[in-house]
$ cat run15.pdb   # PDB, C-alpha atoms, pLDDT in the B column
MODEL        1
ATOM      1  CA  MET S 788      83.763 -11.774 -19.385  1.00 62.00           C
ATOM      2  CA  SER S 789      81.383 -14.736 -19.273  1.00 77.00           C
ATOM      3  CA  THR S 790      79.332 -15.809 -22.248  1.00 80.00           C
ATOM      4  CA  PRO S 791      75.559 -15.410 -22.099  1.00 84.00           C
ATOM      5  CA  ARG S 792      73.540 -18.484 -21.264  1.00 81.00           C
ATOM      6  CA  ARG S 793      72.352 -20.385 -24.308  1.00 83.00           C
ATOM      7  CA  ARG S 794      68.650 -21.031 -24.697  1.00 84.00           C
ATOM      8  CA  PHE S 795      67.241 -23.987 -26.570  1.00 84.00           C
ATOM      9  CA  SER S 796      63.776 -24.232 -28.073  1.00 84.00           C
ATOM     10  CA  ARG S 797      61.249 -26.813 -27.003  1.00 83.00           C
ATOM     11  CA  GLU S 798      61.365 -28.339 -30.495  1.00 86.00           C
ATOM     12  CA  LEU S 799      65.149 -28.847 -30.320  1.00 87.00           C
ATOM     13  CA  LYS S 800      64.860 -30.552 -26.937  1.00 87.00           C
ATOM     14  CA  LEU S 801      62.086 -32.859 -28.152  1.00 88.00           C
ATOM     15  CA  GLU S 802      64.064 -33.692 -31.307  1.00 89.00           C
ATOM     16  CA  ALA S 803      67.176 -34.490 -29.255  1.00 89.00           C
ATOM     17  CA  VAL S 804      65.224 -36.805 -26.949  1.00 89.00           C
ATOM     18  CA  ARG S 805      63.551 -38.485 -29.946  1.00 89.00           C
ATOM     19  CA  ARG S 806      66.934 -39.088 -31.614  1.00 90.00           C
ATOM     20  CA  VAL S 807      68.327 -40.790 -28.514  1.00 89.00           C
ATOM     21  CA  GLN S 808      65.223 -42.928 -27.973  1.00 87.00           C
ATOM     22  CA  GLU S 809      64.456 -43.940 -31.557  1.00 89.00           C
ATOM     23  CA  THR S 810      67.921 -44.325 -33.063  1.00 86.00           C
ATOM     24  CA  GLY S 811      70.646 -46.565 -31.746  1.00 80.00           C
ATOM     25  CA  ARG S 812      72.997 -43.647 -31.102  1.00 86.00           C
ATOM     26  CA  THR S 813      74.340 -42.783 -27.664  1.00 88.00           C
ATOM     27  CA  GLN S 814      73.604 -39.595 -25.763  1.00 88.00           C
ATOM     28  CA  GLY S 815      77.152 -38.404 -26.385  1.00 90.00           C
ATOM     29  CA  GLN S 816      76.846 -38.815 -30.162  1.00 90.00           C
ATOM     30  CA  VAL S 817      73.517 -36.972 -30.343  1.00 90.00           C
ATOM     31  CA  ALA S 818      74.785 -34.225 -28.049  1.00 90.00           C
ATOM     32  CA  GLU S 819      77.837 -33.715 -30.235  1.00 91.00           C
ATOM     33  CA  GLU S 820      75.666 -33.559 -33.384  1.00 89.00           C
ATOM     34  CA  LEU S 821      73.446 -30.881 -31.840  1.00 89.00           C
ATOM     35  CA  GLY S 822      76.245 -28.899 -30.222  1.00 90.00           C
ATOM     36  CA  VAL S 823      75.109 -29.337 -26.621  1.00 90.00           C
ATOM     37  CA  SER S 824      76.833 -30.988 -23.700  1.00 90.00           C
ATOM     38  CA  ALA S 825      76.069 -34.602 -22.836  1.00 91.00           C
ATOM     39  CA  ASN S 826      74.979 -33.491 -19.330  1.00 92.00           C
ATOM     40  CA  THR S 827      72.451 -31.084 -20.808  1.00 90.00           C
ATOM     41  CA  LEU S 828      71.013 -33.790 -23.051  1.00 90.00           C
ATOM     42  CA  CYS S 829      70.850 -36.206 -20.118  1.00 90.00           C
ATOM     43  CA  ARG S 830      68.910 -33.595 -18.101  1.00 89.00           C
ATOM     44  CA  TRP S 831      66.476 -33.121 -21.013  1.00 88.00           C
ATOM     45  CA  ILE S 832      65.867 -36.871 -21.190  1.00 89.00           C
ATOM     46  CA  LYS S 833      65.180 -37.064 -17.446  1.00 89.00           C
ATOM     47  CA  GLN S 834      62.822 -34.109 -17.671  1.00 86.00           C
ATOM     48  CA  PHE S 835      61.020 -35.704 -20.614  1.00 85.00           C
ATOM     49  CA  ARG S 836      60.556 -38.957 -18.693  1.00 85.00           C
ATOM     50  CA  THR S 837      59.195 -37.264 -15.550  1.00 83.00           C
ATOM     51  CA  GLU S 838      56.883 -34.808 -17.354  1.00 75.00           C
ATOM     52  CA  LYS S 839      55.483 -36.840 -20.228  1.00 70.00           C
ATOM     53  CA  ALA S 840      52.241 -34.832 -20.413  1.00 65.00           C
ATOM     54  CA  GLU S 841      53.903 -31.423 -20.840  1.00 71.00           C
ATOM     55  CA  PRO S 842      57.694 -31.635 -21.121  1.00 75.00           C
ATOM     56  CA  PHE S 843      59.688 -28.420 -21.477  1.00 72.00           C
ATOM     57  CA  PRO S 844      57.006 -25.784 -20.762  1.00 66.00           C
ATOM     58  CA  GLY S 845      59.567 -23.039 -21.480  1.00 64.00           C
ATOM     59  CA  LYS S 846      60.437 -19.485 -20.394  1.00 63.00           C
ATOM     60  CA  GLY S 847      59.417 -19.681 -16.759  1.00 59.00           C
ATOM     61  CA  ARG S 848      56.057 -21.284 -17.530  1.00 60.00           C
ATOM     62  CA  GLN S 849      55.298 -24.115 -15.216  1.00 61.00           C
ATOM     63  CA  ALA S 850      53.455 -27.237 -16.116  1.00 64.00           C
ATOM     64  CA  SER S 851      49.748 -26.825 -15.422  1.00 73.00           C
ATOM     65  CA  GLN S 852      49.816 -29.167 -12.420  1.00 74.00           C
ATOM     66  CA  ALA S 853      52.864 -27.451 -10.914  1.00 75.00           C
ATOM     67  CA  ALA S 854      51.250 -24.027 -11.351  1.00 77.00           C
ATOM     68  CA  LEU S 855      48.046 -25.253  -9.715  1.00 85.00           C
ATOM     69  CA  ILE S 856      49.946 -26.741  -6.781  1.00 88.00           C
ATOM     70  CA  SER S 857      51.936 -23.544  -6.340  1.00 89.00           C
ATOM     71  CA  ARG S 858      48.783 -21.390  -6.366  1.00 90.00           C
ATOM     72  CA  LEU S 859      47.018 -23.671  -3.888  1.00 93.00           C
ATOM     73  CA  ARG S 860      50.007 -23.633  -1.533  1.00 95.00           C
ATOM     74  CA  ARG S 861      50.014 -19.807  -1.523  1.00 95.00           C
ATOM     75  CA  GLU S 862      46.278 -19.727  -0.864  1.00 96.00           C
ATOM     76  CA  ASN S 863      46.621 -22.344   1.876  1.00 96.00           C
ATOM     77  CA  GLU S 864      49.315 -20.285   3.599  1.00 96.00           C
ATOM     78  CA  ARG S 865      47.163 -17.125   3.432  1.00 95.00           C
ATOM     79  CA  LEU S 866      44.149 -18.929   4.890  1.00 94.00           C
ATOM     80  CA  ARG S 867      46.284 -20.488   7.628  1.00 95.00           C
ATOM     81  CA  LYS S 868      47.518 -17.015   8.665  1.00 93.00           C
ATOM     82  CA  GLU S 869      43.952 -15.661   8.734  1.00 91.00           C
ATOM     83  CA  ARG S 870      42.779 -18.622  10.834  1.00 90.00           C
ATOM     84  CA  ASP S 871      45.652 -18.224  13.301  1.00 90.00           C
ATOM     85  CA  PHE S 872      44.913 -14.513  13.642  1.00 88.00           C
ATOM     86  CA  LEU S 873      41.235 -15.172  14.340  1.00 85.00           C
ATOM     87  CA  LYS S 874      42.095 -17.900  16.850  1.00 85.00           C
ATOM     88  CA  LYS S 875      44.047 -15.375  18.912  1.00 84.00           C
ATOM     89  CA  LEU S 876      41.046 -13.057  19.296  1.00 77.00           C
ATOM     90  CA  PRO S 877      38.646 -14.086  22.039  1.00 72.00           C
ATOM     91  CA  PRO S 878      34.943 -13.743  21.230  1.00 67.00           C
ATOM     92  CA  THR S 879      33.518 -10.365  22.300  1.00 65.00           C
ATOM     93  CA  SER S 880      31.036 -12.034  24.604  1.00 50.00           C
ATOM     94  CA  LEU S 881      33.891 -13.544  26.616  1.00 52.00           C
ATOM     95  CA  ARG S 882      35.879 -10.346  27.066  1.00 53.00           C
ATOM     96  CA  LYS S 883      35.862  -8.906  30.567  1.00 57.00           C
ATOM     97  CA  ALA S 884      34.385  -5.464  30.940  1.00 57.00           C
ATOM     98  CA  GLY S 885      36.956  -3.217  32.481  1.00 59.00           C
ATOM     99  CA  PRO S 886      38.857   0.007  31.961  1.00 58.00           C
ATOM    100  CA  ILE S 887      39.897   0.643  28.405  1.00 58.00           C
ATOM    101  CA  PRO S 888      43.574   1.470  27.930  1.00 58.00           C
ATOM    102  CA  GLY S 889      43.958   5.130  27.118  1.00 59.00           C
ATOM    103  CA  ASP S 890      40.709   6.192  28.827  1.00 56.00           C
ATOM    104  CA  ARG S 891      41.245   9.549  30.467  1.00 57.00           C
ATOM    105  CA  GLY S 892      38.303   9.463  32.794  1.00 57.00           C
ATOM    106  CA  PRO S 893      35.361  11.889  32.669  1.00 55.00           C
ATOM    107  CA  CYS S 894      34.780  13.705  29.416  1.00 51.00           C
ATOM    108  CA  ARG S 895      35.965  17.241  28.960  1.00 51.00           C
ATOM    109  CA  GLN S 896      35.876  19.769  26.143  1.00 50.00           C
ATOM    110  CA  VAL S 897      38.986  19.811  23.938  1.00 49.00           C
ATOM    111  CA  SER S 898      39.518  21.834  20.766  1.00 52.00           C
ATOM    112  CA  GLY S 899      38.155  19.836  17.819  1.00 52.00           C
ATOM    113  CA  TRP S 900      36.655  17.186  20.102  1.00 51.00           C
ATOM    114  CA  HIS S 901      33.228  17.041  21.662  1.00 52.00           C
ATOM    115  CA  ASP S 902      32.261  15.133  24.711  1.00 51.00           C
ATOM    116  CA  VAL S 903      29.787  12.338  24.756  1.00 53.00           C
ATOM    117  CA  PRO S 904      27.847  11.264  27.807  1.00 55.00           C
ATOM    118  CA  SER S 905      30.195   8.718  29.242  1.00 53.00           C
ATOM    119  CA  THR S 906      29.924   5.556  31.150  1.00 53.00           C
ATOM    120  CA  PRO S 907      32.747   4.922  33.601  1.00 54.00           C
ATOM    121  CA  GLY S 908      35.563   3.045  31.922  1.00 48.00           C
ATOM    122  CA  LYS S 909      34.544   3.885  28.345  1.00 51.00           C
ATOM    123  CA  LEU S 910      36.244   6.218  25.913  1.00 49.00           C
ATOM    124  CA  CYS S 911      34.208   9.344  25.530  1.00 47.00           C
ATOM    125  CA  TRP S 912      35.952  11.361  22.843  1.00 48.00           C
ATOM    126  CA  PHE S 913      35.162  11.585  19.182  1.00 49.00           C
ATOM    127  CA  LEU S 914      36.322  13.937  16.489  1.00 49.00           C
ATOM    128  CA  VAL S 915      33.723  16.051  14.809  1.00 47.00           C
ATOM    129  CA  LEU S 916      34.446  15.723  11.103  1.00 50.00           C
ATOM    130  CA  ALA S 917      31.628  17.903   9.789  1.00 48.00           C
ATOM    131  CA  SER S 918      30.967  21.044  11.783  1.00 43.00           C
TER     132      SER S 918
ENDMDL
END
$ encode --input "run15.pdb" --output "structure tokens"
Amino acid sequence: MSTPRRRFSRELKLEAVRRVQETGRTQGQVAEELGVSANTLCRWIKQFRTEKAEPFPGKGRQASQAALISRLRRENERLRKERDFLKKLPPTSLRKAGPIPGDRGPCRQVSGWHDVPSTPGKLCWFLVLAS
């Protein structure tokens, strides 16, 4: 059975990076002192260098800029889909008047439906909801 993944606090990561930067010790020595692998410590140092403003946000929290970018990308995608949908619909003034699919011709009485004076080519049925 595999061992559960170890989690390290933000404070421990910052302390490890500080030890490597401020003391003359190597990454391997500091990693051994703290009981972490040298690769893990190296990754922490790289992360600290790239995200100086907010390193190690922790537990799935993204840095504020990354969260903002992610939210804006989702919103951009949603707006792009809406725009593409609206582009596909021609304006109503440009649609050709013609028979409507499903039109059954002149109106007739059907149970639950009442006829409406019809114009050729227009649907003429509606359901009476309140009798």
$ atom_distance --input "run15.pdb" --atom1 "atom CA of S:Thr837" --atom2 "atom CA of S:Glu862"
26.3 Å
$ residues_around --input "run15.pdb" --residues "S:Leu801" --least-positions-apart "4" --cutoff "9 Å" --atoms "only C-alpha atoms" --output "list in words"
Ser796, Arg797, Arg805, Arg806, Trp831, Ile832, Phe835, Pro842 and Phe843 of chain S
$ atom_distance --input "run15.pdb" --atom1 "atom CA of S:Lys839" --atom2 "atom CA of S:Glu802"
14.4 Å
$ atom_distance --input "run15.pdb" --atom1 "atom CA of S:Gln816" --atom2 "atom CA of S:Lys800"
14.9 Å
$ residues_around --input "run15.pdb" --residues "S:Arg793" --least-positions-apart "3" --cutoff "12 Å" --atoms "only C-alpha atoms" --output "PyMOL selection string"
chain S and resi 789-790+796+822-824+827
$ residues_around --input "run15.pdb" --residues "S:Val804" --least-positions-apart "4" --cutoff "10 Å" --atoms "all atoms listed in the file" --output "mmCIF file with C-alpha atoms, keeping the file's coordinate frame"
data_model
loop_
_atom_site.group_PDB
_atom_site.id
_atom_site.type_symbol
_atom_site.label_atom_id
_atom_site.label_comp_id
_atom_site.auth_asym_id
_atom_site.auth_seq_id
_atom_site.Cartn_x
_atom_site.Cartn_y
_atom_site.Cartn_z
ATOM 1 C CA GLU S 798 61.365 -28.339 -30.495
ATOM 2 C CA LEU S 799 65.149 -28.847 -30.320
ATOM 3 C CA LYS S 800 64.860 -30.552 -26.937
ATOM 4 C CA GLN S 808 65.223 -42.928 -27.973
ATOM 5 C CA GLU S 809 64.456 -43.940 -31.557
ATOM 6 C CA GLN S 814 73.604 -39.595 -25.763
ATOM 7 C CA VAL S 817 73.517 -36.972 -30.343
ATOM 8 C CA ALA S 818 74.785 -34.225 -28.049
ATOM 9 C CA LEU S 828 71.013 -33.790 -23.051
ATOM 10 C CA CYS S 829 70.850 -36.206 -20.118
ATOM 11 C CA TRP S 831 66.476 -33.121 -21.013
ATOM 12 C CA ILE S 832 65.867 -36.871 -21.190
ATOM 13 C CA LYS S 833 65.180 -37.064 -17.446
ATOM 14 C CA GLN S 834 62.822 -34.109 -17.671
ATOM 15 C CA PHE S 835 61.020 -35.704 -20.614
ATOM 16 C CA ARG S 836 60.556 -38.957 -18.693
#
